[in-house]
Every structure is written in structure tokens, then in C-alpha cells.
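Trainee: File name final-v6.cif; file contents mmCIF, C-alpha atoms; full text below.
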```
data_run
#
loop_
_atom_site.group_PDB
_atom_site.id
_atom_site.type_symbol
_atom_site.label_atom_id
_atom_site.label_comp_id
_atom_site.auth_asym_id
_atom_site.auth_seq_id
_atom_site.Cartn_x
_atom_site.Cartn_y
_atom_site.Cartn_z
ATOM 1 C CA MET A 1 0.000 0.000 0.000
ATOM 2 C CA SER A 2 1.435 3.341 -0.955
ATOM 3 C CA TYR A 3 1.098 6.498 1.098
ATOM 4 C CA VAL A 4 -0.488 9.547 -0.536
ATOM 5 C CA ASN A 5 0.245 12.904 1.035
ATOM 6 C CA PRO A 6 -3.096 14.641 1.748
ATOM 7 C CA ASP A 7 -1.388 18.046 1.390
ATOM 8 C CA PRO A 8 -0.062 18.256 -2.178
ATOM 9 C CA ASP A 9 2.924 20.408 -2.986
ATOM 10 C CA PRO A 10 1.556 23.920 -3.763
ATOM 11 C CA ASP A 11 4.286 24.460 -6.358
ATOM 12 C CA ARG A 12 2.951 21.575 -8.443
ATOM 13 C CA THR A 13 -0.793 21.984 -7.838
ATOM 14 C CA THR A 14 -2.681 23.418 -10.780
ATOM 15 C CA GLY A 15 -4.950 26.413 -10.314
ATOM 16 C CA LEU A 16 -3.062 28.016 -7.439
ATOM 17 C CA GLU A 17 -1.472 31.427 -7.561
ATOM 18 C CA ALA A 18 1.576 32.410 -5.597
ATOM 19 C CA GLY A 19 0.567 32.572 -1.956
ATOM 20 C CA GLY A 20 -2.122 29.886 -2.317
ATOM 21 C CA GLY A 21 -4.930 31.960 -3.838
ATOM 22 C CA VAL A 22 -7.221 30.609 -6.519
ATOM 23 C CA PRO A 23 -7.687 32.674 -9.697
ATOM 24 C CA PRO A 24 -11.205 33.459 -10.949
ATOM 25 C CA GLY A 25 -12.620 30.765 -13.174
ATOM 26 C CA GLU A 26 -10.831 27.915 -11.404
ATOM 27 C CA THR A 27 -13.639 27.281 -8.935
ATOM 28 C CA PRO A 28 -17.181 26.192 -9.798
ATOM 29 C CA PRO A 29 -19.946 28.787 -9.502
ATOM 30 C CA ALA A 30 -21.635 29.186 -6.151
ATOM 31 C CA GLU A 31 -24.660 27.064 -5.425
ATOM 32 C CA SER A 32 -27.990 28.566 -6.204
ATOM 33 C CA SER A 33 -30.935 28.230 -3.916
ATOM 34 C CA MET A 34 -32.933 25.158 -4.722
ATOM 35 C CA PRO A 35 -36.512 26.311 -5.319
ATOM 36 C CA GLU A 36 -37.413 23.027 -6.982
ATOM 37 C CA ALA A 37 -36.058 20.909 -4.140
ATOM 38 C CA GLY A 38 -39.420 19.648 -2.913
ATOM 39 C CA PRO A 39 -43.062 19.411 -3.852
ATOM 40 C CA TYR A 40 -45.113 22.522 -4.414
ATOM 41 C CA GLU A 41 -46.249 23.246 -0.856
ATOM 42 C CA LEU A 42 -49.598 24.902 -1.519
ATOM 43 C CA SER A 43 -50.896 21.887 -3.421
ATOM 44 C CA HIS A 44 -50.049 19.479 -0.594
ATOM 45 C CA ASN A 45 -50.567 21.725 2.433
ATOM 46 C CA PRO A 46 -53.396 24.147 1.850
ATOM 47 C CA ALA A 47 -53.039 27.469 3.625
ATOM 48 C CA LYS A 48 -56.555 27.290 5.102
ATOM 49 C CA GLY A 49 -57.192 26.198 8.671
ATOM 50 C CA TRP A 50 -58.392 22.869 9.962
ATOM 51 C CA ALA A 51 -61.044 20.918 8.123
ATOM 52 C CA LYS A 52 -64.513 21.150 9.652
ATOM 53 C CA GLY A 53 -64.798 17.440 10.481
ATOM 54 C CA PRO A 54 -61.683 16.988 12.644
ATOM 55 C CA LEU A 55 -62.184 20.372 14.328
ATOM 56 C CA THR A 56 -65.780 19.490 15.214
ATOM 57 C CA ALA A 57 -64.714 16.084 16.586
ATOM 58 C CA ILE A 58 -62.025 17.679 18.774
ATOM 59 C CA LEU A 59 -64.425 20.327 20.077
ATOM 60 C CA LEU A 60 -67.062 17.680 20.888
ATOM 61 C CA LEU A 61 -64.465 15.610 22.737
ATOM 62 C CA VAL A 62 -63.339 18.637 24.766
ATOM 63 C CA ALA A 63 -66.961 19.532 25.569
ATOM 64 C CA PHE A 64 -67.651 15.928 26.653
ATOM 65 C CA ILE A 65 -64.613 15.852 28.948
ATOM 66 C CA ALA A 66 -65.487 19.257 30.433
ATOM 67 C CA ALA A 67 -69.090 18.121 31.043
ATOM 68 C CA PHE A 68 -67.810 14.909 32.685
ATOM 69 C CA PHE A 69 -65.629 16.814 35.145
ATOM 70 C CA LEU A 70 -68.403 19.324 35.830
ATOM 71 C CA VAL A 71 -70.853 16.525 36.659
ATOM 72 C CA TYR A 72 -68.181 14.763 38.743
ATOM 73 C CA ALA A 73 -67.542 17.963 40.736
ATOM 74 C CA ILE A 74 -71.280 18.436 41.337
ATOM 75 C CA ILE A 75 -71.601 14.825 42.543
ATOM 76 C CA LEU A 76 -68.683 15.310 44.959
ATOM 77 C CA LEU A 77 -70.320 18.426 46.413
ATOM 78 C CA ILE A 78 -73.639 16.665 47.068
#
```
Here is the file; what I need is its structure written in the form of C-alpha cells.
Mentor:
Amino acid sequence: MSYVNPDPDPDRTTGLEAGGGVPPGETPPAESSMPEAGPYELSHNPAKGWAKGPLTAILLLVAFIAAFFLVYAIILLI
């Protein structure tokens, strides 16, 4: 197995100026933002609030639990 120096000799490395700088054109362009990285959000996650069905079910469950504790408190007081 041969050993490869991870730090190449700067005198023999292409694309380097004196002092270690890189001239323009030797590096790839900067990354652009990736607007097409994922699915179109508005088609999968509508901006409107909760659907009426789940919201109604949650409100009914909360009202049922509140009524249960209210009745339980009244029974304890009697």
C-alpha cells in the first residue's frame, strides 16, 4: 500500500497562484438556492385552517370531557 500525502505540494498543484490563492474561473460557480427541491407546498398543504370534520370532533371531545368533570364535581359536592 502506498502512502499519498493529503497536502499536495503547492508548487505543483494546478490552479493556485503564488501565496495559495485561486484565480477566478478555477472554482465552480456558487450554489444557487434550490426552489425546486421539494413538492409545491400549496398543493399538498393548503393554507386554510383545519377541516370542519376533525375540528368538530375535537371540540365535541373537549366539551364531553369538560361536562364529565363538571358533573363529577357536582356529585362530589352533594
Trainee: Between atom CA of A:Phe69 and atom CA of A:Leu55, what distance in Å does the model show, to one decimal?
Mentor: 21.4 Å
Trainee: Atom CA of A:Ile65 and atom CA of A:Gly49 are how many Å apart?
Mentor: 23.9 Å
Trainee: May I have the centre and edge lengths, in Å to one decimal, of an axis-aligned box around the listed atoms of stretch 50-67 of chain A with 4 Å added to every side, as JSON?
Mentor:
```
{"center_x": -63.7, "center_y": 19.2, "center_z": 19.6, "size_x": 18.7, "size_y": 15.3, "size_z": 30.9}
```
Trainee: May I ask for the distance between atom CA of A:Phe68 and atom CA of A:Trp50, given in Å to one decimal place?
Mentor: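 Interatomic distance here is 25.9 Å.
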